[in-house]
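Pasting my_file_22.txt here (compact mmCIF, C-alpha atoms):
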```
# COMPACT_ATOMS: atom_id res chain seq x y z
CA MET D 1 70.51 9.21 22.58
CA ILE D 2 69.48 9.58 18.92
CA ARG D 3 72.92 8.44 17.77
CA VAL D 4 72.77 5.37 20.00
CA VAL D 5 69.29 4.51 18.72
CA GLY D 6 70.65 4.77 15.17
CA VAL D 7 73.42 2.35 16.04
CA GLU D 8 70.90 -0.08 17.56
CA LEU D 9 68.75 0.17 14.46
CA ARG D 10 71.68 -1.11 12.41
CA ARG D 11 73.21 -3.63 14.80
CA SER D 12 70.27 -5.08 16.72
CA ALA D 13 67.38 -7.20 15.49
CA ALA D 14 65.43 -4.04 14.63
CA LEU D 15 65.84 -4.15 10.85
CA GLY D 16 65.08 -7.86 10.75
CA THR D 17 61.99 -7.26 12.87
CA ALA D 18 60.80 -4.47 10.58
CA LEU D 19 61.24 -6.62 7.48
CA LEU D 20 59.57 -9.61 9.14
CA VAL D 21 56.49 -7.60 10.13
CA LEU D 22 56.35 -5.65 6.87
CA LEU D 23 56.71 -8.61 4.53
CA SER D 24 54.44 -10.91 6.55
CA GLY D 25 51.74 -8.29 6.92
CA GLY D 26 52.00 -7.18 3.31
CA PHE D 27 51.83 -10.75 2.05
CA MET D 28 48.71 -11.61 4.06
CA LEU D 29 46.96 -8.42 2.97
CA GLY D 30 47.98 -9.03 -0.63
CA VAL D 31 46.63 -12.55 -0.90
CA ALA D 32 43.28 -11.54 0.61
CA HIS D 33 42.77 -8.23 -1.18
CA GLY D 34 39.09 -8.90 -1.75
CA ARG D 35 38.39 -8.94 1.99
CA TRP D 36 39.33 -5.30 2.52
CA ALA D 37 38.82 -3.74 -0.92
CA SER D 38 35.50 -2.23 0.20
CA GLY D 39 36.97 0.48 2.42
CA SER D 40 39.56 1.80 4.84
CA MET D 41 37.88 0.36 7.94
CA ALA D 42 37.75 -3.07 6.32
CA LEU D 43 41.49 -2.78 5.61
CA VAL D 44 42.64 -1.91 9.12
CA VAL D 45 40.30 -4.46 10.72
CA ALA D 46 41.55 -7.21 8.40
CA GLN D 47 45.15 -6.41 9.30
CA ARG D 48 44.30 -6.58 12.97
CA GLU D 49 42.84 -10.03 12.37
CA TYR D 50 46.12 -11.10 10.73
CA GLN D 51 47.95 -10.19 13.94
CA ILE D 52 47.21 -13.73 15.04
CA LEU D 53 50.31 -14.54 12.95
CA LEU D 54 52.20 -11.23 13.23
CA LEU D 55 52.24 -10.95 17.02
CA PRO D 56 53.92 -14.34 17.66
CA LEU D 57 56.61 -13.36 15.14
CA ALA D 58 57.12 -10.00 16.88
CA LEU D 59 57.26 -11.75 20.25
CA ALA D 60 59.92 -14.16 18.98
CA ALA D 61 61.95 -11.28 17.54
CA GLY D 62 61.90 -9.56 20.91
CA VAL D 63 63.00 -12.74 22.67
CA TRP D 64 65.87 -13.16 20.21
CA GLN D 65 67.04 -9.63 20.94
CA GLY D 66 66.62 -10.12 24.69
CA CYS D 67 69.00 -13.09 24.57
CA ARG D 68 71.72 -11.13 22.76
CA GLU D 69 73.97 -10.52 25.74
CA ARG D 70 73.84 -14.15 26.84
CA ARG D 71 74.53 -15.39 23.28
CA ALA D 72 77.55 -13.04 23.05
CA LYS D 73 78.65 -14.13 26.57
CA VAL D 74 79.01 -10.54 27.73
CA ASP D 75 76.17 -10.40 30.24
CA GLU D 76 78.48 -10.72 33.25
CA LEU D 77 80.83 -8.13 31.79
CA PHE D 78 78.03 -5.61 31.26
CA ALA D 79 76.77 -6.24 34.80
CA THR D 80 80.04 -4.80 36.15
CA VAL D 81 79.64 -1.50 34.24
CA PRO D 82 78.61 1.29 36.64
CA ARG D 83 76.29 2.84 34.04
CA PRO D 84 72.58 2.29 34.92
CA ARG D 85 71.06 -0.62 33.03
CA ALA D 86 68.09 1.48 31.91
CA LEU D 87 70.38 3.74 29.88
CA ARG D 88 71.68 0.70 27.99
CA VAL D 89 68.27 -0.90 27.48
CA VAL D 90 66.16 2.08 26.38
CA PRO D 91 67.95 2.72 23.03
CA THR D 92 67.52 -0.93 22.05
CA ALA D 93 63.87 -0.91 23.11
CA VAL D 94 63.21 2.30 21.17
CA ALA D 95 64.91 0.90 18.06
CA LEU D 96 62.80 -2.27 18.21
CA ALA D 97 59.64 -0.24 18.80
CA LEU D 98 60.34 1.95 15.77
CA ALA D 99 61.03 -1.11 13.67
CA ALA D 100 57.91 -3.02 14.75
CA ALA D 101 55.58 -0.03 14.39
CA GLY D 102 57.19 1.01 11.11
CA GLY D 103 56.80 -2.48 9.63
CA TYR D 104 53.16 -2.69 10.66
CA LEU D 105 52.23 0.79 9.43
CA GLY D 106 54.29 0.27 6.27
CA ALA D 107 52.17 -2.74 5.34
CA THR D 108 49.06 -0.66 6.07
CA ALA D 109 50.25 2.20 3.88
CA GLY D 110 51.12 -0.16 1.02
CA ALA D 111 47.63 -1.66 1.10
CA ALA D 112 45.97 1.76 1.48
CA ALA D 113 47.67 2.90 -1.72
CA ARG D 114 45.66 0.24 -3.58
CA LEU D 115 42.44 1.82 -2.27
CA ALA D 116 43.24 5.29 -3.56
CA GLY D 117 41.12 4.93 -6.69
CA THR D 118 38.02 3.46 -5.03
CA VAL D 119 37.93 4.83 -1.46
CA ARG D 120 37.56 8.44 -0.34
CA PHE D 121 36.28 7.85 3.19
CA TRP D 122 39.01 7.65 5.83
CA PRO D 123 37.37 8.00 9.27
CA PRO D 124 39.36 8.68 12.46
CA GLU D 125 38.20 5.32 13.84
CA ALA D 126 40.18 3.57 11.09
CA ALA D 127 43.34 5.49 12.04
CA ALA D 128 42.77 4.52 15.68
CA VAL D 129 42.43 0.82 14.80
CA ALA D 130 45.67 0.96 12.80
CA ALA D 131 47.47 2.82 15.62
CA VAL D 132 46.36 0.19 18.16
CA GLY D 133 47.66 -2.52 15.84
CA ALA D 134 51.06 -0.84 15.67
CA LEU D 135 51.11 -0.35 19.47
CA THR D 136 50.17 -4.00 20.03
CA THR D 137 53.06 -5.10 17.81
CA VAL D 138 55.44 -2.93 19.84
CA ALA D 139 54.05 -4.44 23.05
CA ALA D 140 54.73 -7.94 21.69
CA VAL D 141 58.34 -7.03 20.94
CA TRP D 142 58.86 -5.52 24.39
CA LEU D 143 57.25 -8.53 26.06
CA GLY D 144 59.68 -10.66 24.09
CA LEU D 145 62.59 -8.56 25.38
CA GLY D 146 61.49 -9.24 28.94
CA LEU D 147 61.00 -12.95 28.30
CA GLY D 148 64.42 -13.17 26.68
CA ARG D 149 65.91 -11.51 29.75
CA LEU D 150 64.25 -14.04 32.04
CA LEU D 151 64.92 -17.12 29.88
CA PRO D 152 67.99 -16.43 27.71
CA PHE D 153 68.00 -19.75 25.85
CA LEU D 154 67.96 -20.56 22.12
CA VAL D 155 64.68 -22.46 22.38
CA THR D 156 62.87 -19.59 24.09
CA ALA D 157 62.09 -17.67 20.87
CA PRO D 158 60.34 -20.51 18.98
CA LEU D 159 58.55 -21.69 22.09
CA ALA D 160 57.37 -18.14 22.79
CA ALA D 161 56.01 -17.85 19.24
CA VAL D 162 54.05 -21.10 19.60
CA ALA D 163 52.73 -20.15 23.03
CA GLY D 164 51.74 -16.66 21.83
CA ALA D 165 49.87 -18.08 18.86
CA GLY D 166 48.08 -20.51 21.16
CA LEU D 167 46.97 -17.75 23.51
CA LEU D 168 45.65 -15.69 20.61
CA VAL D 169 43.71 -18.67 19.27
CA VAL D 170 42.17 -19.21 22.71
CA SER D 171 41.18 -15.53 22.81
CA LEU D 172 39.10 -16.05 19.66
CA VAL D 173 36.67 -18.33 21.51
CA PRO D 174 33.44 -16.37 22.15
CA ARG D 175 32.40 -15.90 25.76
CA PRO D 176 28.67 -15.04 25.87
CA GLY D 177 27.94 -12.33 28.38
CA HIS D 178 31.59 -11.27 28.60
CA GLU D 179 32.18 -9.90 25.11
CA TRP D 180 33.32 -6.57 26.52
CA LEU D 181 36.11 -8.33 28.43
CA THR D 182 37.30 -10.41 25.47
CA TYR D 183 37.27 -7.53 23.00
CA THR D 184 39.26 -5.33 25.37
CA LEU D 185 41.99 -7.81 26.26
CA SER D 186 42.36 -9.64 22.93
CA PRO D 187 43.81 -7.70 19.98
CA VAL D 188 42.39 -10.13 17.40
CA HIS D 189 39.02 -11.25 18.77
CA ASP D 190 36.23 -10.94 16.15
CA MET D 191 38.15 -8.44 14.03
CA TRP D 192 35.69 -8.69 11.19
CA LEU D 193 32.89 -6.36 10.10
CA ASP D 194 29.71 -7.67 8.48
CA THR D 195 29.28 -4.53 6.35
CA GLU D 196 31.19 -1.42 5.37
CA PHE D 197 28.79 0.64 7.48
CA GLN D 198 30.09 -0.54 10.86
CA THR D 199 33.01 0.73 12.87
CA ILE D 200 35.21 0.03 15.89
CA PRO D 201 34.37 2.63 18.58
CA LEU D 202 37.14 5.03 19.57
CA ARG D 203 36.43 4.13 23.19
CA LEU D 204 37.21 0.46 22.55
CA SER D 205 40.38 1.37 20.62
CA ALA D 206 41.47 3.58 23.53
CA ALA D 207 40.96 0.70 25.99
CA GLN D 208 42.93 -1.69 23.79
CA ALA D 209 45.72 0.90 23.49
CA VAL D 210 45.95 1.28 27.26
CA TRP D 211 46.13 -2.50 27.71
CA ALA D 212 48.78 -2.91 25.00
CA ALA D 213 50.91 -0.10 26.42
CA ALA D 214 50.67 -1.60 29.91
CA LEU D 215 51.80 -5.02 28.65
CA GLY D 216 54.71 -3.50 26.78
CA LEU D 217 55.82 -1.48 29.80
CA GLY D 218 55.65 -4.63 31.90
CA GLY D 219 58.03 -6.41 29.55
CA LEU D 220 60.32 -3.40 29.47
CA ALA D 221 60.36 -3.25 33.27
CA VAL D 222 61.68 -6.81 33.39
CA VAL D 223 64.55 -5.85 31.09
CA MET D 224 65.46 -2.77 33.14
CA THR D 225 65.34 -4.46 36.52
CA THR D 226 68.65 -5.65 37.92
CA ALA D 227 67.53 -7.03 41.29
CA ARG D 228 65.67 -10.34 41.16
CA ARG D 229 63.47 -9.36 44.10
CA ALA D 230 62.25 -6.29 42.25
CA ARG D 231 61.11 -8.20 39.15
CA PRO D 232 57.61 -8.94 40.51
CA LEU D 233 57.03 -5.19 40.36
CA ALA D 234 56.96 -5.57 36.57
CA LEU D 235 53.45 -7.00 37.00
CA LEU D 236 52.23 -3.65 38.24
CA PRO D 237 51.86 -1.93 34.82
CA PRO D 238 49.79 -4.79 33.30
CA VAL D 239 47.53 -4.99 36.35
CA LEU D 240 46.91 -1.25 36.43
CA GLY D 241 46.57 -1.14 32.66
CA ALA D 242 43.97 -3.93 32.64
CA ALA D 243 41.94 -2.14 35.32
CA ALA D 244 42.06 1.14 33.41
CA ALA D 245 41.23 -0.50 30.07
CA LEU D 246 38.24 -2.40 31.45
CA ALA D 247 36.95 0.78 33.08
CA LEU D 248 36.89 2.51 29.69
CA VAL D 249 34.44 0.16 27.94
CA PRO D 250 30.74 -0.39 28.74
CA HIS D 251 29.94 -3.68 30.43
CA GLY D 252 27.35 -6.32 29.70
CA GLY D 253 24.50 -5.53 27.33
CA ALA D 254 25.60 -1.90 26.96
CA PHE D 255 28.69 -3.02 25.03
CA VAL D 256 28.47 -2.96 21.20
CA ALA D 257 31.66 -4.01 19.45
CA HIS D 258 30.70 -3.08 15.88
CA PRO D 259 28.13 -0.26 15.99
CA PRO D 260 26.82 1.41 12.83
CA ASP D 261 28.85 4.39 11.65
CA PRO D 262 26.48 7.30 10.81
CA ALA D 263 29.26 9.05 8.89
CA ALA D 264 29.75 5.99 6.65
CA GLN D 265 25.98 5.62 6.15
CA GLU D 266 25.47 9.25 5.16
CA GLN D 267 24.13 9.56 1.61
CA VAL D 268 26.15 11.42 -1.05
CA CYS D 269 24.07 12.37 -4.09
CA ALA D 270 24.90 13.02 -7.74
CA ASP D 271 24.04 16.31 -9.39
CA GLY D 272 20.86 16.48 -11.43
CA THR D 273 17.68 14.45 -11.42
CA PRO D 274 16.42 11.83 -10.80
CA VAL D 275 18.25 11.77 -7.48
CA VAL D 276 20.76 8.94 -7.08
CA CYS D 277 22.73 8.65 -3.84
CA VAL D 278 25.27 6.25 -2.37
CA SER D 279 26.78 6.02 1.08
CA ARG D 280 29.79 8.16 1.91
CA VAL D 281 31.95 5.04 2.19
CA HIS D 282 31.13 4.28 -1.47
CA ALA D 283 31.23 7.87 -2.74
CA ALA D 284 33.89 6.97 -5.33
CA LEU D 285 31.37 4.61 -6.98
CA LEU D 286 28.74 7.30 -7.50
CA PRO D 287 29.69 7.97 -11.18
CA ALA D 288 29.21 4.25 -11.95
CA VAL D 289 25.97 3.86 -9.97
CA THR D 290 24.23 7.05 -11.15
CA PRO D 291 23.47 6.03 -14.78
CA ILE D 292 22.26 2.59 -13.67
CA GLY D 293 20.02 4.09 -11.00
CA ARG D 294 18.49 6.59 -13.40
CA GLU D 295 17.96 3.86 -15.99
CA VAL D 296 16.09 1.73 -13.45
CA LEU D 297 13.95 4.68 -12.36
CA GLY D 298 13.06 5.19 -15.99
CA LEU D 299 12.07 1.53 -16.39
CA VAL D 300 9.73 1.57 -13.39
CA ALA D 301 8.19 4.94 -14.28
CA ARG D 302 5.43 2.99 -16.11
CA LEU D 303 4.10 1.66 -12.80
CA PRO D 304 1.64 3.59 -10.64
CA GLU D 305 3.35 5.55 -7.85
CA PRO D 306 6.89 4.60 -8.94
CA PRO D 307 9.99 5.42 -6.90
CA ARG D 308 11.55 8.78 -7.76
CA ALA D 309 15.00 8.44 -6.18
CA VAL D 310 17.65 5.85 -5.41
CA HIS D 311 19.53 5.58 -2.09
CA GLU D 312 22.06 2.96 -1.13
CA ASP D 313 20.90 0.38 1.38
CA THR D 314 23.07 0.83 4.48
CA SER D 315 21.68 -1.99 6.61
CA THR D 316 23.86 -3.65 9.24
CA PHE D 317 23.54 -7.07 10.88
CA ARG D 318 25.32 -6.87 14.26
CA PRO D 319 23.41 -4.97 15.55
CA GLU D 320 20.57 -5.33 13.06
CA THR D 321 19.63 -1.93 11.65
CA SER D 322 18.00 -0.75 8.41
CA PRO D 323 17.57 2.70 6.89
CA PRO D 324 14.03 4.10 7.06
CA ARG D 325 11.79 3.26 4.10
CA LEU D 326 11.09 6.69 2.65
CA PRO D 327 8.17 7.10 0.22
CA GLY D 328 9.36 7.17 -3.36
CA VAL D 329 12.91 6.02 -2.53
CA LEU D 330 14.34 2.81 -3.97
CA LEU D 331 17.08 1.16 -1.91
CA ALA D 332 20.08 -0.24 -3.78
CA ASP D 333 22.32 -2.97 -2.38
CA LEU D 334 25.78 -2.48 -3.90
CA ARG D 335 27.85 -5.63 -4.39
CA LEU D 336 31.57 -5.01 -4.84
CA GLY D 337 34.17 -7.15 -6.55
CA PRO D 338 37.68 -7.94 -5.24
CA ASP D 339 38.93 -4.72 -6.86
CA GLY D 340 36.57 -2.58 -4.78
CA ARG D 341 34.42 -1.63 -7.80
CA LEU D 342 30.94 -2.75 -8.79
CA LEU D 343 30.83 -6.52 -9.12
CA SER D 344 28.52 -6.30 -12.14
CA PRO D 345 26.43 -3.42 -13.52
CA ASP D 346 23.86 -5.96 -14.78
CA LEU D 347 23.59 -7.54 -11.34
CA LEU D 348 23.05 -4.13 -9.75
CA ARG D 349 20.38 -3.28 -12.33
CA ILE D 350 18.51 -6.53 -11.66
CA ARG D 351 18.78 -6.24 -7.88
CA MET D 352 17.47 -2.68 -7.98
CA LEU D 353 14.46 -3.81 -10.00
CA GLN D 354 14.00 -6.68 -7.59
CA GLU D 355 13.93 -4.18 -4.72
CA VAL D 356 10.89 -2.51 -6.33
CA PHE D 357 8.87 -5.57 -5.29
CA ARG D 358 10.37 -6.12 -1.85
CA PRO D 359 8.19 -5.56 1.27
CA PRO D 360 9.39 -3.22 4.02
CA GLN D 361 9.60 -6.15 6.44
CA MET D 362 10.28 -9.88 6.32
CA CYS D 363 7.22 -11.87 5.27
CA ARG D 364 6.18 -15.03 7.01
CA TYR D 365 5.89 -16.86 3.70
CA GLY D 366 8.27 -16.57 0.77
CA VAL D 367 7.17 -15.07 -2.52
CA ASP D 368 6.93 -16.91 -5.82
CA SER D 369 10.39 -16.09 -7.17
CA ALA D 370 9.55 -17.16 -10.73
CA VAL D 371 6.67 -14.67 -10.82
CA GLU D 372 8.92 -11.94 -9.48
CA GLN D 373 11.68 -12.77 -11.95
CA ALA D 374 9.23 -12.64 -14.86
CA ALA D 375 8.05 -9.20 -13.75
CA VAL D 376 11.61 -7.92 -13.30
CA TYR D 377 12.67 -9.05 -16.75
CA TRP D 378 9.52 -7.65 -18.32
CA LEU D 379 10.54 -4.26 -16.95
CA LEU D 380 14.04 -4.87 -18.34
CA GLY D 381 12.61 -5.76 -21.73
CA ARG D 382 14.48 -9.02 -22.20
CA GLU D 383 14.11 -12.72 -21.51
CA PRO D 384 15.25 -14.15 -18.14
CA GLN D 385 18.66 -15.79 -18.23
CA PRO D 386 19.84 -18.70 -16.01
CA GLU D 387 23.08 -16.93 -15.13
CA GLU D 388 21.16 -13.84 -13.99
CA THR D 389 18.87 -15.48 -11.46
CA VAL D 390 17.08 -12.74 -9.56
CA ASP D 391 16.89 -14.74 -6.34
CA PRO D 392 20.54 -15.36 -5.28
CA THR D 393 19.45 -17.98 -2.72
CA ILE D 394 18.39 -20.39 -5.48
CA THR D 395 21.33 -22.68 -6.19
CA SER D 396 19.63 -25.91 -7.33
CA ASP D 397 17.59 -26.69 -10.41
CA SER D 398 18.09 -23.16 -11.74
CA SER D 399 17.24 -24.25 -15.29
CA ALA D 400 13.76 -25.41 -14.28
CA TYR D 401 13.31 -22.29 -12.18
CA THR D 402 14.31 -20.02 -15.07
CA ALA D 403 12.16 -22.01 -17.52
CA GLU D 404 9.09 -21.23 -15.42
CA ALA D 405 10.12 -17.57 -15.24
CA VAL D 406 10.51 -17.48 -19.04
CA ARG D 407 7.04 -18.99 -19.49
CA LEU D 408 5.51 -16.35 -17.22
CA TRP D 409 7.53 -13.62 -18.91
CA GLN D 410 6.09 -14.69 -22.24
CA VAL D 411 2.60 -14.41 -20.75
CA LEU D 412 3.37 -10.80 -19.80
CA ARG D 413 4.92 -10.08 -23.15
CA ARG D 414 1.79 -11.19 -25.04
CA LEU D 415 -0.46 -8.92 -22.98
CA PRO D 416 -1.31 -5.36 -24.02
CA GLU D 417 0.92 -2.75 -22.39
CA ARG D 418 -1.77 -1.45 -20.04
CA GLU D 419 -2.76 -4.95 -18.85
CA ALA D 420 0.88 -5.99 -18.40
CA VAL D 421 1.52 -2.90 -16.28
CA ARG D 422 -1.54 -3.71 -14.20
CA ARG D 423 -0.33 -7.29 -13.62
CA VAL D 424 3.20 -6.20 -12.67
CA ASP D 425 1.80 -3.59 -10.28
CA ALA D 426 -0.45 -6.26 -8.75
CA ILE D 427 2.64 -8.43 -8.15
CA ARG D 428 4.40 -5.51 -6.50
CA ARG D 429 1.47 -4.69 -4.23
CA ALA D 430 0.99 -8.33 -3.29
CA GLU D 431 4.63 -8.82 -2.32
CA GLN D 432 4.75 -5.57 -0.37
CA ALA D 433 1.65 -6.69 1.54
CA CYS D 434 3.14 -10.19 2.08
CA ARG D 435 0.41 -11.86 0.02
CA ASP D 436 0.82 -14.85 -2.27
CA THR D 437 1.63 -13.93 -5.89
CA GLU D 438 0.82 -17.32 -7.39
CA GLY D 439 -1.68 -17.07 -10.22
CA LEU D 440 -1.21 -13.34 -10.86
CA LEU D 441 0.37 -14.14 -14.23
CA ALA D 442 -2.02 -16.94 -15.16
CA ALA D 443 -3.02 -16.53 -18.82
CA ARG D 444 -6.63 -15.44 -19.19
```
As a first step, turn the structure in this file into structure tokens.
Amino acid sequence: MIRVVGVELRRSAALGTALLVLLSGGFMLGVAHGRWASGSMALVVAQREYQILLLPLALAAGVWQGCRERRAKVDELFATVPRPRALRVVPTAVALALAAAGGYLGATAGAAARLAGTVRFWPPEAAAVAAVGALTTVAAVWLGLGLGRLLPFLVTAPLAAVAGAGLLVVSLVPRPGHEWLTYTLSPVHDMWLDTEFQTIPLRLSAAQAVWAAALGLGGLAVVMTTARRARPLALLPPVLGAAAALALVPHGGAFVAHPPDPAAQEQVCADGTPVVCVSRVHAALLPAVTPIGREVLGLVARLPEPPRAVHEDTSTFRPETSPPRLPGVLLADLRLGPDGRLLSPDLLRIRMLQEVFRPPQMCRYGVDSAVEQAAVYWLLGREPQPEETVDPTITSDSSAYTAEAVRLWQVLRRLPEREAVRRVDAIRRAEQACRDTEGLLAAR
């Protein structure tokens, strides 16, 4: 059996399939490196999203292999051989499965190597998502084998690729109230995480694996069947697989596709004081964040009741969750660049100082951003700069906005130290209480 599989690896479409999946997957991951540079879960989820292009290619490769006997005009000859058809089909199917899975996982491994310097968190959920992606690729190849057996024509492979891509695109359409159904049956639906602190539940990955395996077995059953009347039985594995997969996931409002991952949100702290911590998913960035965090804590130490520690903000959006606001703890929102490292130490420093003024909840009315910016830059000890706008939502008339912040900063700068500290603390207390800050820096 092993020797026959080796022969099929060399003589069938297996090597071509492996190269097709490997090069296509590697190329798509390479050109969008910034999308998954933040962590291992982001990587495997991004690759699953790219299956909208990989799966049609795998399906077409399977169809091409399934038409081999008809193209070689030996199908009638092989039908007269007394050896069971399953014994002839299984080695080819195994060779294609090894090739498809190897190409998919090879692209994953190549991308993961680029994360070695910035990522230390590799949760089991990420491995499960990657394994389901490999299994789904195998299922596409086996479905193609069955389709090639049913329709052994030259046009079948390209038409199958187009039809497969169309079905995947349709599966992307949201279906309110039936998200659990769409996520289970579509391998690419909403494969995108809002933050690095979310995950794909193992239960959902298990359901998707069952469904993919059932589809693949259905395609393989078509290839193994010799009697035309028995071919409808090939529908049995997909039907049973769909029922089992849908039974594994919660239904309705109980279903959460991208829940927070407590292991990723767990804080990892640097040695020494003041305490500076980042999430476990960003543990490799702790040496870069620690000096900035301690510098900021030193800058705000002049204020009454200043924060004494820094923790990373691990908020998520779907579902909406936020870490508890602990007394004396300053939350830091890390922004990463396309290389998976800090986007800008200066930006982090400014955003951490900005967080000193932020209220624990959303205010009904917005704060005076120029007043806040003046206070932030007074703590920094330098003049506000247009390219370092504290409020990232301001995209128009930034020069006028910064000019007002500079004027207010100069008001603070001319005040005695004690009075300036009192004014900045008044701004902080007003913002945290959702009160208007206008006029707090009026010269008097």
Do you have, as a Markdown table, the list of residues of stretch 295-357 of chain D lying at most 8 Å from stretch 183-203 of chain D, each with its nearest atom pair and that distance in Å to one decimal, counting all atoms listed in the file and ordered by chain then number?
```
| residue | atom | partner | partner_atom | distance |
| --- | --- | --- | --- | --- |
| D:Thr314 | CA | D:Phe197 | CA | 6.5 |
| D:Ser315 | CA | D:Phe197 | CA | 7.6 |
| D:Thr316 | CA | D:Thr195 | CA | 6.2 |
| D:Phe317 | CA | D:Asp194 | CA | 6.6 |
| D:Arg318 | CA | D:Asp194 | CA | 7.3 |
```
Quick one: residues within 12 Å of D:Val162, all atoms listed in the file, excluding same-chain residues fewer than 6 positions away - as a PDB file with C-alpha atoms, keeping the file's coordinate frame?
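Written file, selection12.pdb:
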```pdb
ATOM      1  CA  ILE D  52      47.210 -13.730  15.040  1.00  0.00           C
ATOM      2  CA  LEU D  53      50.310 -14.540  12.950  1.00  0.00           C
ATOM      3  CA  LEU D  54      52.200 -11.230  13.230  1.00  0.00           C
ATOM      4  CA  LEU D  55      52.240 -10.950  17.020  1.00  0.00           C
ATOM      5  CA  PRO D  56      53.920 -14.340  17.660  1.00  0.00           C
ATOM      6  CA  LEU D  57      56.610 -13.360  15.140  1.00  0.00           C
ATOM      7  CA  ALA D  58      57.120 -10.000  16.880  1.00  0.00           C
ATOM      8  CA  LEU D  59      57.260 -11.750  20.250  1.00  0.00           C
ATOM      9  CA  ALA D  60      59.920 -14.160  18.980  1.00  0.00           C
ATOM     10  CA  VAL D 155      64.680 -22.460  22.380  1.00  0.00           C
ATOM     11  CA  THR D 156      62.870 -19.590  24.090  1.00  0.00           C
ATOM     12  CA  LEU D 168      45.650 -15.690  20.610  1.00  0.00           C
ATOM     13  CA  VAL D 169      43.710 -18.670  19.270  1.00  0.00           C
TER      14      VAL D 169
END
```
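In terms of minimum interatomic distance to D:His251, D:Thr182 ranks closest within D:Gln65, D:Gln354, D:Thr136, D:Thr182, counting all atoms listed in the file.
Counting from atom CA of D:Pro287, the distance to atom CA of D:Pro345 is 12.1 Å.
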Problem set entry | stretch 210-212 of chain D environment, 7 Å, all atoms listed in the file, sequence neighbours closer than 5 positions dropped, as a PyMOL selection string | chain D and resi 135-136+139+185+241-242+245
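Taking atom CA of D:Thr273 and atom CA of D:Ser322 as endpoints, the distance between them is 25.0 Å.
Shown here are all protein and nucleic acid residues lying within 9 Å of (11.7, -4.3, -17.3), with all atoms listed in the file considered: Val296, Leu299, Val300, Leu353, Ala375, Val376, Tyr377, Trp378, Leu379, Leu380, Gly381 and Arg382 of chain D.
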Exercise. With all atoms listed in the file as the basis for distance, which of D:Gly219, D:Gly253, D:Ala61, D:Pro123 is at the shortest distance from D:Ala161?
Worked result: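 Ranking D:Gly219, D:Gly253, D:Ala61, D:Pro123 by distance to D:Ala161, first place goes to D:Ala61.
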Problem set entry | Contacts of D:Leu336 at 12 Å (all atoms listed in the file; same-chain gap of 2+ positions) as a VMD selection string | chain D and resid 34 to 39 118 195 to 196 282 285 288 to 289 333 to 334 338 to 345 347 to 348
For the residues in that selection, give me C-alpha atoms as a compact mmCIF listing (two decimals), keeping the file's coordinate frame.
```
# COMPACT_ATOMS: atom_id res chain seq x y z
CA GLY D 34 39.09 -8.90 -1.75
CA ARG D 35 38.39 -8.94 1.99
CA TRP D 36 39.33 -5.30 2.52
CA ALA D 37 38.82 -3.74 -0.92
CA SER D 38 35.50 -2.23 0.20
CA GLY D 39 36.97 0.48 2.42
CA THR D 118 38.02 3.46 -5.03
CA THR D 195 29.28 -4.53 6.35
CA GLU D 196 31.19 -1.42 5.37
CA HIS D 282 31.13 4.28 -1.47
CA LEU D 285 31.37 4.61 -6.98
CA ALA D 288 29.21 4.25 -11.95
CA VAL D 289 25.97 3.86 -9.97
CA ASP D 333 22.32 -2.97 -2.38
CA LEU D 334 25.78 -2.48 -3.90
CA PRO D 338 37.68 -7.94 -5.24
CA ASP D 339 38.93 -4.72 -6.86
CA GLY D 340 36.57 -2.58 -4.78
CA ARG D 341 34.42 -1.63 -7.80
CA LEU D 342 30.94 -2.75 -8.79
CA LEU D 343 30.83 -6.52 -9.12
CA SER D 344 28.52 -6.30 -12.14
CA PRO D 345 26.43 -3.42 -13.52
CA LEU D 347 23.59 -7.54 -11.34
CA LEU D 348 23.05 -4.13 -9.75
```
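Rounded to one decimal, atom CA of D:Leu297 and atom CA of D:Arg407 lie 25.7 Å from each other.
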For stretch 249-255 of chain D, what centre and edge lengths in Å (one decimal) does the axis-aligned box get once 8 Å is added on each side of all its listed atoms, as AutoDock Vina command-line options?
```
--center_x 29.5 --center_y -3.1 --center_z 27.7 --size_x 25.9 --size_y 22.5 --size_z 21.4
```
Exercise. Which neighbours of stretch 278-281 of chain D fall inside 9 Å, counting all atoms listed in the file, when residues of the same chain fewer than 3 positions from it are skipped, and could you give them as an NGL selection string?
Worked result: :D and (38-40 or 119-122 or 196-197 or 263-270 or 284-286 or 289-290 or 310-314 or 332 or 334)
Filtering to N, CA and C atoms, could stretch 176-180 of chain D of the supplied structure be written out as a CSV table (one decimal), in the first residue's frame?
```csv
chain,number,residue,atom,x,y,z
D,176,PRO,N,-28.9,36.8,9.4
D,176,PRO,CA,-29.2,37.1,10.8
D,176,PRO,C,-30.1,36.1,11.4
D,177,GLY,N,-29.8,35.7,12.6
D,177,GLY,CA,-30.6,34.6,13.3
D,177,GLY,C,-30.1,33.2,13.0
D,178,HIS,N,-29.3,33.0,11.9
D,178,HIS,CA,-28.8,31.7,11.6
D,178,HIS,C,-27.3,31.7,11.4
D,179,GLU,N,-26.6,32.5,12.2
D,179,GLU,CA,-25.2,32.5,12.1
D,179,GLU,C,-24.6,31.2,12.5
D,180,TRP,N,-25.1,30.5,13.4
D,180,TRP,CA,-24.6,29.2,13.8
D,180,TRP,C,-24.6,28.2,12.6
```
